[in-house]
Amino acid sequence: MPQLPGLVKGLGVTFKTMLAGNVTVQYPHVKEAPPSRARGVIALKEENCTVCMLCARQCPDWCIYIEGHKEKRPPRREGGKPRTVNALDRFDIDYALCMYCGICVEVCPFDALFWTPEYEYSEPKIADLLHDKERLGEWMQTVPEPLPLEAGAAKKK
Amino acid sequence: MLAIDVTTYGWTTALKTGVVLAVIPAAAIVLGYTFLLKMMSHMQSRLGPMEAGPHGVLQLLADGVKFIQKEDIIPDEADRRIFALAPLVVILSTFLLYIVLPAGPRLIVQDLDVGIFFALAVSSLSVIGVLMAGWSSANKYSLLGALRAAGQLIAYELPLVLAVIGVVVQAGTMSMQGIVAAQAHGEIFGVGTFGNPFILTQFVGFFLFLVAAQAELTQTPFDMPVAESELVAGYMTEYSGFRFLFFFMAEFGTAFALAAIAATLFLGGWFVPGVHGTAADVLGPLVLGAKIMVVAFLIFWIRFTYPRFREDQLQTFAWKYLIPLSLVNIVVTGVLKVVL
């Protein structure tokens, strides 16, 4: 009976596990704090967006919808030509399609998109997962502060 | 006078039937909740159901209500009458088991002279129901599961019966109350205060009985008849609604009954040292219940620890190891009974 010690040991393992604590977190009653850099949802800092469409074009799932129009702004210097800027009309992300790859965050040249650890945004209907720029903007409050620069790193002017 | 007797008999029978009808679902719920839901969860480092009632105690009631609400599906190709009847046959065998379980000096439905023989005989009735279920389902998984169940239940019926023979030889009776009394009046090295639970002398029998009961109940590591990774759910595959509920209740009701038989045969049953008469009728069920929970804990502990045997390992284990061991146990018990 060479298997016998192993069989007894197995019983010991289950018995010890039974008496030890469990790992369940009872979610709606108890909430686990996700790590601060968790990739929960993507937030939008609207004033940084220049409607360059890079994120929408890079998105593998085509889940970003952007619409904008051109506007004239006063010149920077006296007597100059009025500037033309892009104004953002619509910035929607369809979280029913998003696969959380984060390419849009990586590709954004103006730091308008951020990861946040927020995760409680489920909806009863799948169409309601299309979130608009107001909702994406609210999530900016949950974006953690960027890590401090390394000592001796060049400061941006 | 005859009329009065008949009425009394009628009332007593109705009362006993009612008690058995109430005890089986209650037993299934107690075992299912304590072991299947809670103990297994904690052995897997999780909590199990927590929402229905405090710590999920009402979960199985909710599940039962759910099963009753579900559609009673009978496959087109199925043999309708046999298919519908099979769960009833299985649960009938469970009901019959409860007839001879003693819970106190007077708390027994019928103290048959051949009590333990009767119990083992009716417990194997369920094989017929299982075969009916598998055959009539018109499903290859059901049929394979039923055939496996038939082979397994018959193979392990033998060590189960042979393990009990040691106890019967030692007690000198097959009546369940007689076996309890034999343990209560027994002496350990001349000390008779605590009686003499047969586990002390029949520990081999107890081991054999537990292993065979595990296989009879088709609990892991002997769960090939319902092996979900191979056969979906074996003979239960095509069942839904309350017919599935019957199979579930029969499984846990039989587990409770076999644990009660083990507690009665080997652990002294309802006997409490120094308590007699009505007090024993009150204390007996509690003591028996505690012993049942201990035995059931062993059964389910093994269930949640070991992986499934292979079909040939199962048969080898029964025929080459358990049955010879139980025969040796009978011979040794018989010799010692005559010598001592």
# chains A, B, ... in the order shown; residues from 1 in each chain; ligands from 1
call {"tool": "closest_atom_pairs", "arguments": {"of": "chain A", "to": "chain B", "cutoff": "12 Å", "atoms": "only C-alpha atoms", "output": "JSON lines"}}
result
{"residue": "A:Met1", "atom": "CA", "partner": "B:Tyr321", "partner_atom": "CA", "distance": 11.5}
{"residue": "A:Gly6", "atom": "CA", "partner": "B:Tyr306", "partner_atom": "CA", "distance": 10.6}
{"residue": "A:Leu7", "atom": "CA", "partner": "B:Tyr306", "partner_atom": "CA", "distance": 7.9}
{"residue": "A:Val8", "atom": "CA", "partner": "B:Thr305", "partner_atom": "CA", "distance": 9.9}
{"residue": "A:Lys9", "atom": "CA", "partner": "B:Thr305", "partner_atom": "CA", "distance": 10.0}
{"residue": "A:Gly10", "atom": "CA", "partner": "B:Thr305", "partner_atom": "CA", "distance": 6.4}
{"residue": "A:Leu11", "atom": "CA", "partner": "B:Thr305", "partner_atom": "CA", "distance": 6.1}
{"residue": "A:Gly12", "atom": "CA", "partner": "B:Thr305", "partner_atom": "CA", "distance": 9.2}
{"residue": "A:Val13", "atom": "CA", "partner": "B:Thr305", "partner_atom": "CA", "distance": 8.4}
{"residue": "A:Thr14", "atom": "CA", "partner": "B:Met43", "partner_atom": "CA", "distance": 5.4}
{"residue": "A:Phe15", "atom": "CA", "partner": "B:Met43", "partner_atom": "CA", "distance": 6.8}
{"residue": "A:Lys16", "atom": "CA", "partner": "B:Met43", "partner_atom": "CA", "distance": 7.9}
{"residue": "A:Thr17", "atom": "CA", "partner": "B:Met43", "partner_atom": "CA", "distance": 5.1}
{"residue": "A:Met18", "atom": "CA", "partner": "B:Met43", "partner_atom": "CA", "distance": 4.1}
{"residue": "A:Leu19", "atom": "CA", "partner": "B:His42", "partner_atom": "CA", "distance": 7.4}
{"residue": "A:Ala20", "atom": "CA", "partner": "B:Ser45", "partner_atom": "CA", "distance": 7.7}
{"residue": "A:Gly21", "atom": "CA", "partner": "B:Ser45", "partner_atom": "CA", "distance": 6.8}
{"residue": "A:Asn22", "atom": "CA", "partner": "B:Ser45", "partner_atom": "CA", "distance": 4.2}
{"residue": "A:Val23", "atom": "CA", "partner": "B:Ser45", "partner_atom": "CA", "distance": 5.9}
{"residue": "A:Thr24", "atom": "CA", "partner": "B:Arg46", "partner_atom": "CA", "distance": 5.3}
{"residue": "A:Val25", "atom": "CA", "partner": "B:Leu47", "partner_atom": "CA", "distance": 9.0}
{"residue": "A:Gln26", "atom": "CA", "partner": "B:Met50", "partner_atom": "CA", "distance": 8.6}
{"residue": "A:Tyr27", "atom": "CA", "partner": "B:Met50", "partner_atom": "CA", "distance": 11.4}
{"residue": "A:Pro28", "atom": "CA", "partner": "B:Glu51", "partner_atom": "CA", "distance": 11.0}
{"residue": "A:His29", "atom": "CA", "partner": "B:Glu51", "partner_atom": "CA", "distance": 10.7}
call {"tool": "write_last_selection", "arguments": {"atoms": "C-alpha atoms", "output": "PDB file, in the first residue's frame"}}
result
ATOM      1  CA  MET A   1       0.000   0.000   0.000  1.00  0.00           C
ATOM      2  CA  GLY A   6      -0.498  10.211   0.358  1.00  0.00           C
ATOM      3  CA  LEU A   7      -4.167   9.453   0.944  1.00  0.00           C
ATOM      4  CA  VAL A   8      -3.902  10.425   4.611  1.00  0.00           C
ATOM      5  CA  LYS A   9      -1.954  13.534   3.707  1.00  0.00           C
ATOM      6  CA  GLY A  10      -4.699  14.516   1.258  1.00  0.00           C
ATOM      7  CA  LEU A  11      -7.316  14.253   3.977  1.00  0.00           C
ATOM      8  CA  GLY A  12      -5.084  16.447   6.137  1.00  0.00           C
ATOM      9  CA  VAL A  13      -4.854  19.086   3.418  1.00  0.00           C
ATOM     10  CA  THR A  14      -8.617  19.387   2.979  1.00  0.00           C
ATOM     11  CA  PHE A  15      -9.170  19.407   6.746  1.00  0.00           C
ATOM     12  CA  LYS A  16      -6.604  22.161   7.299  1.00  0.00           C
ATOM     13  CA  THR A  17      -8.012  24.195   4.413  1.00  0.00           C
ATOM     14  CA  MET A  18     -11.478  23.858   5.910  1.00  0.00           C
ATOM     15  CA  LEU A  19     -10.345  25.320   9.223  1.00  0.00           C
ATOM     16  CA  ALA A  20      -8.177  28.032   7.673  1.00  0.00           C
ATOM     17  CA  GLY A  21      -9.815  31.270   6.557  1.00  0.00           C
ATOM     18  CA  ASN A  22     -11.305  31.706   3.124  1.00  0.00           C
ATOM     19  CA  VAL A  23     -10.506  34.165   0.406  1.00  0.00           C
ATOM     20  CA  THR A  24     -14.025  35.185  -0.609  1.00  0.00           C
ATOM     21  CA  VAL A  25     -14.817  38.911  -0.612  1.00  0.00           C
ATOM     22  CA  GLN A  26     -18.593  39.372  -0.429  1.00  0.00           C
ATOM     23  CA  TYR A  27     -18.655  41.929  -3.185  1.00  0.00           C
ATOM     24  CA  PRO A  28     -21.756  44.069  -2.895  1.00  0.00           C
ATOM     25  CA  HIS A  29     -21.379  44.232   0.898  1.00  0.00           C
TER      26      HIS A  29
END
call {"tool": "residues_around", "arguments": {"residues": "B:Gly268", "least_positions_apart": "6", "cutoff": "7 Å", "atoms": "only C-alpha atoms", "output": "list in words"}}
result
Val180, Gln183, Ala184 and Pro197 of chain B
call {"tool": "residues_around", "arguments": {"residues": "B:Pro102", "least_positions_apart": "2", "cutoff": "12 Å", "atoms": "only C-alpha atoms", "output": "PyMOL selection string"}}
result
chain B and resi 97-100+104-112+115-116+119+175-181+257+260-265+268-271+280-281+284-285+287-289
call {"tool": "atom_distance", "arguments": {"atom1": "atom CA of B:Thr12", "atom2": "atom CA of B:Ala27"}}
result
21.9 Å
call {"tool": "residues_around", "arguments": {"residues": "stretch 78-86 of chain B", "least_positions_apart": "6", "cutoff": "6 Å", "atoms": "only C-alpha atoms", "output": "ChimeraX atom specification"}}
result
/B:129,132-133,136-138
call {"tool": "closest_residue", "arguments": {"among": "A:Lys31, A:Arg83, A:Arg90, A:Arg37", "to": "A:Pro146", "atoms": "only C-alpha atoms"}}
result
A:Arg37
call {"tool": "closest_residue", "arguments": {"among": "A:Val85, A:Leu136, A:Ile93, A:Leu129", "to": "A:Ala56", "atoms": "only C-alpha atoms"}}
result
A:Ile93
